[in-house]
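Undergrad: Questions regarding the structure given below will be posed in turn.
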Amino acid sequence: MSVLIVLLLTAGAVAYVGYPLLAGRGSRPVLLTVEPEAVVIAGVAYASEEEWAVDWALDKAEDGVPERAAGPSLQEVDAEIERRVAAMRAQRRKQQAQGQVRRTVCPECGKPFQTGDRFCARCGAPHPNVCPQCGERHRPGDLFCVRCGAALPGGQE
Amino acid sequence: MMTDVGSAALLLALVFSLYTAAAGYLSARRLRSDLLASARRSAVATLVLVTVAGLVLVLLLFRHDYQVLYVYQHISSALPPLYTFAALWAGQEGSLLVWLWLLAVLTVIAMRQRAAWSRELEPYALAVLGLVEAFFALLLCLVSRPFVLLPARAVDGMGLNPLLENPGMVYHPPTLFVGYAAFAIPFAYAIAALATGRLSGDWLRGIRRWNLVAWAFLGIGILLGAQWAYVELGWGGYWGWDPVENASLIPWLTGTALLHSAMIQERRGLFKVWNLLLIVGTFLLCIFATFITRSGFVQSVHAFSRSSIGYYFLGFIGLWVVASLWLIAARRRELRSDAMVEEVVSREGTFLLNNILFTGLAVAVLLGTLFPALTEALSGTQLALDRSFFDRVSGPVALAMLALLGVCPLLGWRRTGRLRTVLPFPAGAGLATALLLGLVGGVRDGLALFAFGLIAFAGATVIVEFVRGVRARGKVAGELPHRALLNLLLKNRRRYGGYIVHLGVVLIALGITGQGLFKSERQVTLQRGDAVTIGHYQVRFEDLSSEAAAVKERHVATMGVYLGDQRIASLRPEYNFHYNVQQYVSEVAIRSTLTEDLYVAMAGISADGSAVTFRVLLNPLMAWLWIGGVVLLAGTLIAFWPEGGRQVRVAVPAARRAAS
């Protein structure tokens with residue numbers, strides 16, 4: 001009887017422990033808990049900026065700006081960037097396929113502008129959404145350039 | 001038959017814990033996630049096997065199978081079921097089994113925390129924990145076997161030592177064991193961090209709550225032991241500087257130092273080597289405490305056994321000391337501090353001082369505890385230090401700690417801060433308390449005035465810190481006071497939970513000081529109807545009843561407690577002759593109030609039963625020691641409560657990343 005119990009125990013334990021070795025190397029995604037990030041201000045790590053602010057009010061902390069937030073790991077950041085780039089590309093391809101991507105055309109002669117153009121390459125008319133002084137893009141209806149302050153041609157309307 | 005199952009389960013546990021260690025290590029070396037998964041399962045299998053062994057022993061105890069040596073030695077048929085169960089840790093074999101079981105449980109819990117910081121370290125930590133488990137399993141298989149059979153079945157067992165028949169027996173040893181075993185987790189991760197070289201603050205931050213759990217269990221375990229000693233041993237005190245008591249206090253002291261200096265590493269990147277030494281040292285001191293308790297290495301009231309098991313313990317401790325020092329030396333470049341202590345009177349500076357005090361006291365207590373063994377080794381005769389040595393060493397250090405406890409929380413990181421404007425209130429509270437007690441309260445003892453002054457000072461600091469915190473939150477976040485107080489505790493649980501722990505320590509200090517400096521004791525022999533006066537109490541010996549029970553001869557005295565002419569209570573101390581040990585064991589009666597404990601124990605009965613010798617004590621402020629313990633536990637819980645992280649899905653297998 002006891003031999004049977006011991007045999008059962010052994011077999012069960014060996015099977016349970018050996019299973020992953022037989023089942024092969026899976027790479028199932030795992031859920032990880034990431035601790036709240038620390039904020040470093042004036043050479044001291046804080047759980048949050050609020051904690052620093054309270055300490056500062058208590059005169060226990062020095063003035064400073066957050067130096068670095070020991071945020072997500074490089075791998076996590078990489079993965080996130082890859083994901084977003086892939087999403088944007090897919091979006092662009094989809095729009096192109098549906099003919100939704102429309103370039104701005106010259107209001108005078110109808111030639112499409114290229115990225116970065118300030119004036120029309122054919123007739124010399126200014127780009128309607130770009131500051132003729134510095135090249136900053138602006139929204140239709142803006143009166144002055146947000147970057148250099150120059151009066152915008154489209155603003156007179 | 002059942003003993004075979006138990007022995008086999010232990011042997012299998014040894015095999016599987018060794019496999020856990022090997023598979024864990026190899027999974028990181030060979031980048032194999034399947035091996036890591038297998039190692040994790042092996043840790044679970046080890047737990048199941050140890051549980052089977054433990055259940056077998058429990059079953060044997062409850063079946064009163066007196067053919068099993070352990071059962072025969074530790075219980076008898078007359079023992080109540082609760083103590084029959086507690087006999088599981090009454091002897092060396094059983095308590096090592098409980099140790100191993102707790103370690104296996106904690107290992108599985110630690111492996112279930114899928115935290116980002118632990119991923120790279122987990123394989124190595126698992127390997128270390130596997131080795132520690134294997135060590136205990138080896139002891140249980142070789143030198144301290146719980147399932148040894150007697151040649152024939154005995155009629156009845158020898159029974160439990162009557163001193164162990166106290167509720168303390170049920171909860172004091174397991175609590176301590178949890179504390180001891182839980183320090184294995186930080187230890188394993190420290191070794192893993194050294195092995196992988198991932199020595200940034202992450203792992204220390206992650207391991208923080210394990211440190212806290214281990215420290216809290218150890219501290220509460222010590223207090224429970226103190227209370228047990230107080231109500232059971234009958235000499236009127238709670239702490240005798242007995243080697244086994246010291247052995248549990250030493251890791252608690254280094255653990256306290258660790259909790260504080262780990263904060264400095266997290267915040268400022270200082271004390272890295274020091275923290276590693278503290279973690280490794282604390283765990284090995286826990287093993288050492290088990291060793292002291294279980295080896296009879298130093299004579300002690302707790303020394304229940306004397307065996308060759310000591311060599312195994314010393315070998316195990318020695319190996320880990322060498323291994324960890326070697327690892328630290330190899331990683332010394334990665335362990336350089338990120339910054340320096342700029343000002344002595346700053347958080348960092350005073351934390352350093354606090355560390356020196358705690359570890360200094362730990363070393364002093366350790367040397368004092370080992371003194372008999374050391375003198376025996378050097379001169380051939382055992383010279384023991386009496387408790388006055390320990391009192392003289394620990395007293396001044398404890399006072400210095402209290403002073404630090406009053407100053408340190410007020411200081412800022414890197415600099416002194418607004419100490420001059422903040423200090424006057426707690427300092428004034430301390431001075432006022434000392435003056436008031438001296439002038440109005442009639443306390444003439446200079447040391448007592450100093451101690452009470454410091455206690456008031458440290459207590460006032462905690463209050464000041466809460467008030468300032470509430471004000472600061474009001475200023476920064478514009479919160480109303482009640483909301484701000486709640487948010488202090490919720491948003492900075494670690495600091496304000498820690499302050500509540502400080503408050504608990506202050507209350508404990510109050511109890512220790514009151515009892516230590518103001519206890520009065522009288523030993524009197526009374527006839528029926530006689531009374532003894534102690535403090536403002538009069539204690540009258542009214543009656544003595546005797547009866548012969550199955551396991552003991554009971555003698556119960558009825559004592560009337562009078563305050564003036566009014567009878568306010570009756571106390572019933574007992575003095576029982578236990579047949580199994582052929583000894584009288586005293587059961588104490590205590591009337592406890594917030595201001596003082598009246599403590600009555602019987603110390604002897606005359607041959608004709610007409611006169612009884614009583615030991616009557618008045619222990620002022622004793623209750624605050626236990627109240628402080630409860631406060632300490634509450635504060636620890638607040639500091640322990642998780643602050644909530646976020647969950648991230650990671651697709652790469654852990655072992656693969658471990659090498660990158």
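The way I read the labels, and the way they are meant: chains A, B, ... in the order of the structure tokens, residue 1 as the first residue of every chain, and ligand 1 as the first ligand shown, with later ones counted on from there.
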Please provide the set of residues having any atom within 10 Å of Arg268 (chain B), restricted to only C-alpha atoms, with same-chain residues fewer than 6 positions apart removed, written as a list in words.

TA: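 Here the answer would be Val40, Ala42, Gly43, Val44, Ala45 and Tyr46 of chain A; Gly201, Ala262, Ser337, Asp338, Ala339, Met340, Val341, Glu348, Trp413 and Arg414 of chain B.
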
Undergrad: Do you know which residues are at most 12 Å from region 624-629 of chain B counting only C-alpha atoms, after dropping those on the same chain fewer than 5 positions away, and could you put them as number ranges by chain?

TA: B: 216-228, 230, 238-239, 459, 500-516, 592-597, 619, 634-636

Undergrad: Just the number, please: distance in Å from CA of Val556 (chain B) to CA of Gly237 (chain B), one decimal.

TA: 21.6 Å

Undergrad: Grab the CA of Ser570 (chain B) to CA of Gly234 (chain B) distance for me, in Å with one decimal place.

TA: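 Computing it gives 18.1 Å between the two atoms.
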
Undergrad: Quick one: residues within 6 Å of region 156-171 of chain B, only C-alpha atoms counted, chain neighbours fewer than 5 positions away excluded, as a list of chain:residue names?

TA: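 Selected residues are B:Tyr72, B:Gln73, B:His74, B:Ile75, B:Ser76, B:Ala86, B:Trp228.
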
Undergrad: Could you save the residues just selected, with N, CA and C atoms, as a compact mmCIF listing (two decimals), in the first residue's frame?

TA:
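Here's the written file part-v5.txt:
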# COMPACT_ATOMS: atom_id res chain seq x y z
N TYR B 72 6.15 9.58 20.36
CA TYR B 72 6.35 9.09 21.71
C TYR B 72 7.00 10.17 22.58
N GLN B 73 7.96 10.89 22.00
CA GLN B 73 8.72 11.86 22.80
C GLN B 73 7.95 13.14 23.10
N HIS B 74 6.99 13.49 22.27
CA HIS B 74 6.44 14.84 22.42
C HIS B 74 4.99 14.94 22.81
N ILE B 75 4.26 13.85 22.79
CA ILE B 75 2.87 13.97 23.24
C ILE B 75 2.51 12.82 24.16
N SER B 76 1.36 12.96 24.78
CA SER B 76 0.82 11.86 25.56
C SER B 76 -0.68 11.84 25.30
N ALA B 86 0.35 21.24 18.02
CA ALA B 86 1.52 22.12 18.21
C ALA B 86 2.78 21.30 18.46
N TRP B 228 4.78 35.09 26.19
CA TRP B 228 4.72 33.71 26.67
C TRP B 228 5.63 33.56 27.89

Undergrad: What's the separation between CA of Val143 (chain B) and CA of Ser308 (chain B), in Å to one decimal place?

TA: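 One can read the CA of Val143 (chain B) to CA of Ser308 (chain B) distance as 7.8 Å.
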
Undergrad: Taking only C-alpha atoms into account, name the residue in A:Ala79, A:Val54, A:Leu9, A:His138 that is nearest to Thr51 (chain B).

TA: A:Leu9

Undergrad: Under the rule that only C-alpha atoms are counted, which of B:Ala125, B:Val231, B:Leu526, B:Ile207 is the nearest residue to chain A?

TA: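 Nearest to chain A: B:Ile207.
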
Undergrad: With a distance cut-off of 7 Å and only C-alpha atoms, select the neighbouring residues of Leu36 (chain B), excluding the residue or stretch itself and same-chain residues fewer than 5 positions from it, and output the selection as number ranges by chain.

TA: B: 23-24, 27, 123, 655

Undergrad: Gly116 (chain A): which residues within 10 Å, counting only C-alpha atoms, same-chain residues fewer than 5 positions away excluded, as a ChimeraX atom specification?

TA: /A:127,130,135-137

Undergrad: Residues of region 1-155 of chain A classed as strand (DSSP E or B) by DSSP on the backbone are to be reported as a ChimeraX atom specification.

TA: /A:30-34,39-41,44-46,66-69,105,112,119,126,130,137,144,151

Undergrad: Which of these residues is nearest to Trp252 (chain B), using only C-alpha atoms: B:Ala330, B:Ala214, B:Ala137, B:Leu61?

TA: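 Checking each of B:Ala330, B:Ala214, B:Ala137, B:Leu61 against Trp252 (chain B), counting only C-alpha atoms, the winner is B:Ala214.
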
Undergrad: Residues near Phe450 (chain B), anyone? I mean within 10 Å using only C-alpha atoms, not counting same-chain ones fewer than 4 positions away, as a list in words.

TA: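 Close residues of Phe450 (chain B): Leu399, Gly430, Leu431, Thr433, Ala434, Leu435, Asp445, Gly446, Leu454, Ile455 and Ala456 of chain B.
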
Undergrad: Those same residues - N, CA, C and O atoms - I'd like them written as a PDB file, in the first residue's frame.

TA:
ATOM      1  N   LEU B 399      18.619  53.896  24.042  1.00  0.00           N
ATOM      2  CA  LEU B 399      18.327  55.316  24.261  1.00  0.00           C
ATOM      3  C   LEU B 399      18.789  56.145  23.062  1.00  0.00           C
ATOM      4  O   LEU B 399      18.082  57.051  22.610  1.00  0.00           O
ATOM      5  N   GLY B 430       9.602  66.614  25.219  1.00  0.00           N
ATOM      6  CA  GLY B 430      10.472  65.728  25.978  1.00  0.00           C
ATOM      7  C   GLY B 430      10.896  66.358  27.284  1.00  0.00           C
ATOM      8  O   GLY B 430      10.790  65.742  28.359  1.00  0.00           O
ATOM      9  N   LEU B 431      11.360  67.605  27.210  1.00  0.00           N
ATOM     10  CA  LEU B 431      11.818  68.310  28.412  1.00  0.00           C
ATOM     11  C   LEU B 431      10.678  68.472  29.404  1.00  0.00           C
ATOM     12  O   LEU B 431      10.844  68.223  30.602  1.00  0.00           O
ATOM     13  N   THR B 433       8.005  66.695  29.729  1.00  0.00           N
ATOM     14  CA  THR B 433       7.663  65.412  30.340  1.00  0.00           C
ATOM     15  C   THR B 433       8.634  65.087  31.474  1.00  0.00           C
ATOM     16  O   THR B 433       8.221  64.702  32.581  1.00  0.00           O
ATOM     17  N   ALA B 434       9.942  65.269  31.183  1.00  0.00           N
ATOM     18  CA  ALA B 434      10.947  64.967  32.200  1.00  0.00           C
ATOM     19  C   ALA B 434      10.757  65.870  33.418  1.00  0.00           C
ATOM     20  O   ALA B 434      10.766  65.400  34.567  1.00  0.00           O
ATOM     21  N   LEU B 435      10.531  67.174  33.183  1.00  0.00           N
ATOM     22  CA  LEU B 435      10.360  68.114  34.292  1.00  0.00           C
ATOM     23  C   LEU B 435       9.121  67.774  35.108  1.00  0.00           C
ATOM     24  O   LEU B 435       9.149  67.741  36.335  1.00  0.00           O
ATOM     25  N   ASP B 445      14.760  59.198  39.797  1.00  0.00           N
ATOM     26  CA  ASP B 445      15.807  58.480  39.064  1.00  0.00           C
ATOM     27  C   ASP B 445      16.177  59.257  37.794  1.00  0.00           C
ATOM     28  O   ASP B 445      15.347  59.466  36.919  1.00  0.00           O
ATOM     29  N   GLY B 446      17.413  59.701  37.715  1.00  0.00           N
ATOM     30  CA  GLY B 446      17.851  60.504  36.560  1.00  0.00           C
ATOM     31  C   GLY B 446      17.714  59.756  35.256  1.00  0.00           C
ATOM     32  O   GLY B 446      17.237  60.296  34.257  1.00  0.00           O
ATOM     33  N   LEU B 454      13.055  61.129  26.509  1.00  0.00           N
ATOM     34  CA  LEU B 454      13.332  60.697  25.132  1.00  0.00           C
ATOM     35  C   LEU B 454      12.107  60.061  24.492  1.00  0.00           C
ATOM     36  O   LEU B 454      11.820  60.272  23.315  1.00  0.00           O
ATOM     37  N   ILE B 455      11.374  59.280  25.307  1.00  0.00           N
ATOM     38  CA  ILE B 455      10.174  58.626  24.776  1.00  0.00           C
ATOM     39  C   ILE B 455       9.165  59.675  24.339  1.00  0.00           C
ATOM     40  O   ILE B 455       8.597  59.603  23.234  1.00  0.00           O
ATOM     41  N   ALA B 456       8.972  60.693  25.195  1.00  0.00           N
ATOM     42  CA  ALA B 456       8.034  61.759  24.840  1.00  0.00           C
ATOM     43  C   ALA B 456       8.530  62.497  23.602  1.00  0.00           C
ATOM     44  O   ALA B 456       7.748  62.838  22.706  1.00  0.00           O
TER      45      ALA B 456
END
